[in-house]
Amino acid sequence: MKRIILFGAPGCGKGTQADALEQQYGYKKISTGDLVRAEVAAQTPIGLEIKTLTEMGRLAPDETILKLLKNRLAQGDLLNGYILDGFPRTLAQAEELSRMTVDTETAIYLKIVNEDVVVGRLTSRLTCSQCGAIFNSVSNPPRKAGLCDLCGGPVRQRADDNEETVRRRINVYREQTQPVIDYYKRLGKLHEVDASGTIEEVSAAISGVLN
Ligand SMILES: [Zn+2]
């Protein structure tokens with residue numbers, strides 16, 4: 001069993017790369033954000049607890065996230081391995097994860113070398129307010145201006161996709177994640193990949209690390 005941990009600030013293309021890895025190698029992508037959303041949507045006891053916390057502006061505690069992750073890993077469908085997207089976020093989570101042993105573990109940090117490229121990507125992003133589909137006014141505009149290709153809903157820029165907020169989100173991510181990045185560096189498991197390239201370039205660099 002192989003474990004791949006993907007790190008990267010907002011706009012680094014982490015979700016896209018995780019999907020590509022899943023297709024290319026057959027590893028399952030596990031996003032703790034998705035796990036949390038599924039629990040909340042299903043209104044399970046854990047889901048309701050998380051909902052209460054987030055409504056108070058707080059995050060789900062580490063133990064809760066770990067429990068969700070353990071449940072997911074126990075499903076028995078992870079033949080070759082799995083990719084973690086959005087986890088671990090804290091040093092405590094990383095240490096706990098290390099106790100769940102695997103044959104090999106690789107941490108890949110999609111590093112934003114050229115921040116302007118990523119800021120440009122995010123500030124030109126358009127989101128469907130009905131189904132959440134994402135477009136880009138420069139590289140992938142909707143076929144009909146302002147309307148979603150998938151559901152016909154209104155497509156607009158999200159309020160937090162402006163330059164100032166985007167730069168702040170990138171910096172917050174860097175500050176919060178640095179201790180976790182350093183942890184994998186100390187273990188000799190960290191590989192840095194420049195996230196400023198095209199999707200294909202970044203994907204090729206990741207394959208280079210894994211092969
Ligand atoms: Zn839509």
# chains A, B, ... in the order shown; residues from 1 in each chain; ligands from 1

call {"tool": "select_by_dssp", "arguments": {"residues": "segment 2-192 of chain A", "states": "alpha helix (DSSP H)", "output": "JSON, numbers by chain"}}
result
{"A": [14, 15, 16, 17, 18, 19, 20, 21, 22, 23, 24, 25, 32, 33, 34, 35, 36, 37, 38, 39, 40, 41, 42, 45, 46, 47, 48, 49, 50, 51, 52, 53, 54, 55, 62, 63, 64, 65, 66, 67, 68, 69, 70, 71, 72, 73, 91, 92, 93, 94, 95, 96, 97, 98, 99, 115, 116, 117, 118, 119, 120, 121, 122, 123, 163, 164, 165, 166, 167, 168, 169, 170, 171, 172, 173, 174, 175, 176, 177, 178, 179, 180, 181, 182, 183, 184, 185, 186]}

call {"tool": "residues_near_ligand", "arguments": {"ligand": "ligand 1", "cutoff": "12 Å", "atoms": "only C-alpha atoms and all ligand atoms", "output": "list in words"}}
result
Leu126, Thr127, Cys128, Ser129, Gln130, Cys131, Gly132, Ala133, Ile134, Phe135, Pro142, Gly146, Leu147, Cys148, Asp149, Leu150, Cys151, Gly152, Gly153, Pro154, Val155 and Arg156 of chain A

call {"tool": "residues_around", "arguments": {"residues": "Leu210 of chain A", "least_positions_apart": "4", "cutoff": "12 Å", "atoms": "only C-alpha atoms", "output": "list of chain:residue names"}}
result
A:Lys2, A:Arg3, A:Ile4, A:Ile5, A:Leu21, A:Gln24, A:Tyr25, A:Thr104, A:Glu105, A:Thr106, A:Ala107, A:Ile108, A:Lys189, A:Leu190, A:His191, A:Val193, A:Ser203, A:Ala204, A:Ala205, A:Ile206

call {"tool": "write_last_selection", "arguments": {"atoms": "C-alpha atoms", "output": "PDB file, in the first residue's frame"}}
result
ATOM      1  CA  LYS A   2       1.336   3.366  -1.051  1.00  0.00           C
ATOM      2  CA  ARG A   3       0.385   6.710   0.449  1.00  0.00           C
ATOM      3  CA  ILE A   4       0.832   9.970  -1.440  1.00  0.00           C
ATOM      4  CA  ILE A   5       0.281  13.218   0.378  1.00  0.00           C
ATOM      5  CA  LEU A  21      -2.944  10.568 -10.292  1.00  0.00           C
ATOM      6  CA  GLN A  24      -3.011   7.276 -14.088  1.00  0.00           C
ATOM      7  CA  TYR A  25      -2.063   4.969 -11.218  1.00  0.00           C
ATOM      8  CA  THR A 104       5.795   3.638   1.107  1.00  0.00           C
ATOM      9  CA  GLU A 105       4.893   7.238   1.715  1.00  0.00           C
ATOM     10  CA  THR A 106       5.668  10.202  -0.517  1.00  0.00           C
ATOM     11  CA  ALA A 107       4.839  13.820   0.270  1.00  0.00           C
ATOM     12  CA  ILE A 108       4.584  16.144  -2.727  1.00  0.00           C
ATOM     13  CA  LYS A 189       9.927  12.081   2.243  1.00  0.00           C
ATOM     14  CA  LEU A 190       9.300  15.532   0.826  1.00  0.00           C
ATOM     15  CA  HIS A 191       9.475  16.356  -2.890  1.00  0.00           C
ATOM     16  CA  VAL A 193       7.282  20.391  -7.569  1.00  0.00           C
ATOM     17  CA  SER A 203       1.689  16.191 -13.893  1.00  0.00           C
ATOM     18  CA  ALA A 204       4.888  15.047 -15.632  1.00  0.00           C
ATOM     19  CA  ALA A 205       6.994  16.359 -12.740  1.00  0.00           C
ATOM     20  CA  ILE A 206       4.862  14.430 -10.241  1.00  0.00           C
TER      21      ILE A 206
END

call {"tool": "residues_around", "arguments": {"residues": "segment 169-172 of chain A", "least_positions_apart": "3", "cutoff": "8 Å", "atoms": "only C-alpha atoms", "output": "list in words"}}
result
Ala9, Pro10, Thr165, Val166, Glu175 and Gln176 of chain A

call {"tool": "write_last_selection", "arguments": {"atoms": "N, CA and C atoms", "output": "mmCIF file, in the first residue's frame"}}
result
data_model
loop_
_atom_site.group_PDB
_atom_site.id
_atom_site.type_symbol
_atom_site.label_atom_id
_atom_site.label_comp_id
_atom_site.auth_asym_id
_atom_site.auth_seq_id
_atom_site.Cartn_x
_atom_site.Cartn_y
_atom_site.Cartn_z
ATOM 1 N N ALA A 9 -0.932 25.350 -1.861
ATOM 2 C CA ALA A 9 -1.782 26.491 -1.513
ATOM 3 C C ALA A 9 -2.960 26.582 -2.487
ATOM 4 N N PRO A 10 -3.989 27.357 -2.133
ATOM 5 C CA PRO A 10 -5.101 27.565 -3.070
ATOM 6 C C PRO A 10 -4.573 28.011 -4.430
ATOM 7 N N THR A 165 -7.524 39.110 -1.441
ATOM 8 C CA THR A 165 -7.930 37.926 -0.664
ATOM 9 C C THR A 165 -7.144 36.701 -1.099
ATOM 10 N N VAL A 166 -6.916 36.583 -2.403
ATOM 11 C CA VAL A 166 -6.174 35.434 -2.926
ATOM 12 C C VAL A 166 -4.754 35.426 -2.363
ATOM 13 N N GLU A 175 1.945 29.760 5.929
ATOM 14 C CA GLU A 175 2.291 29.842 7.353
ATOM 15 C C GLU A 175 1.793 28.624 8.115
ATOM 16 N N GLN A 176 0.540 28.230 7.821
ATOM 17 C CA GLN A 176 -0.054 27.124 8.575
ATOM 18 C C GLN A 176 0.564 25.788 8.227
#

call {"tool": "closest_residue", "arguments": {"among": "A:Ala159, A:Ala94, A:Val36, A:Cys12", "to": "Asn71 of chain A", "atoms": "only C-alpha atoms"}}
result
A:Val36

call {"tool": "closest_atom_pairs", "arguments": {"of": "segment 74-100 of chain A", "to": "segment 47-61 of chain A", "cutoff": "12 Å", "atoms": "only C-alpha atoms", "output": "Markdown table"}}
result
| residue | atom | partner | partner_atom | distance |
| --- | --- | --- | --- | --- |
| A:Arg89 | CA | A:Pro61 | CA | 11.3 |
| A:Thr90 | CA | A:Pro61 | CA | 10.8 |
| A:Ala92 | CA | A:Pro61 | CA | 10.8 |
| A:Gln93 | CA | A:Pro61 | CA | 10.0 |

call {"tool": "closest_residue", "arguments": {"among": "A:Pro45, A:Gly86, A:Gly13, A:Pro141", "to": "Glu201 of chain A", "atoms": "only C-alpha atoms"}}
result
A:Gly13

call {"tool": "select_by_dssp", "arguments": {"residues": "segment 52-131 of chain A", "states": "strand (DSSP E or B)", "output": "list in words"}}
result
Gly81, Tyr82, Ile83, Leu84, Asp85, Thr104, Glu105, Thr106, Ala107, Ile108, Tyr109, Leu110, Lys111, Arg125, Leu126, Thr127 and Cys128 of chain A

call {"tool": "atom_distance", "arguments": {"atom1": "atom CA of Ala41 of chain A", "atom2": "atom CA of Leu66 of chain A"}}
result
18.6 Å

call {"tool": "closest_residue", "arguments": {"among": "A:Tyr173, A:Phe7, A:Tyr27, A:Tyr109", "to": "Phe87 of chain A", "atoms": "only C-alpha atoms"}}
result
A:Phe7

call {"tool": "atom_distance", "arguments": {"atom1": "atom CA of Leu97 of chain A", "atom2": "atom CA of Asp62 of chain A"}}
result
10.9 Å
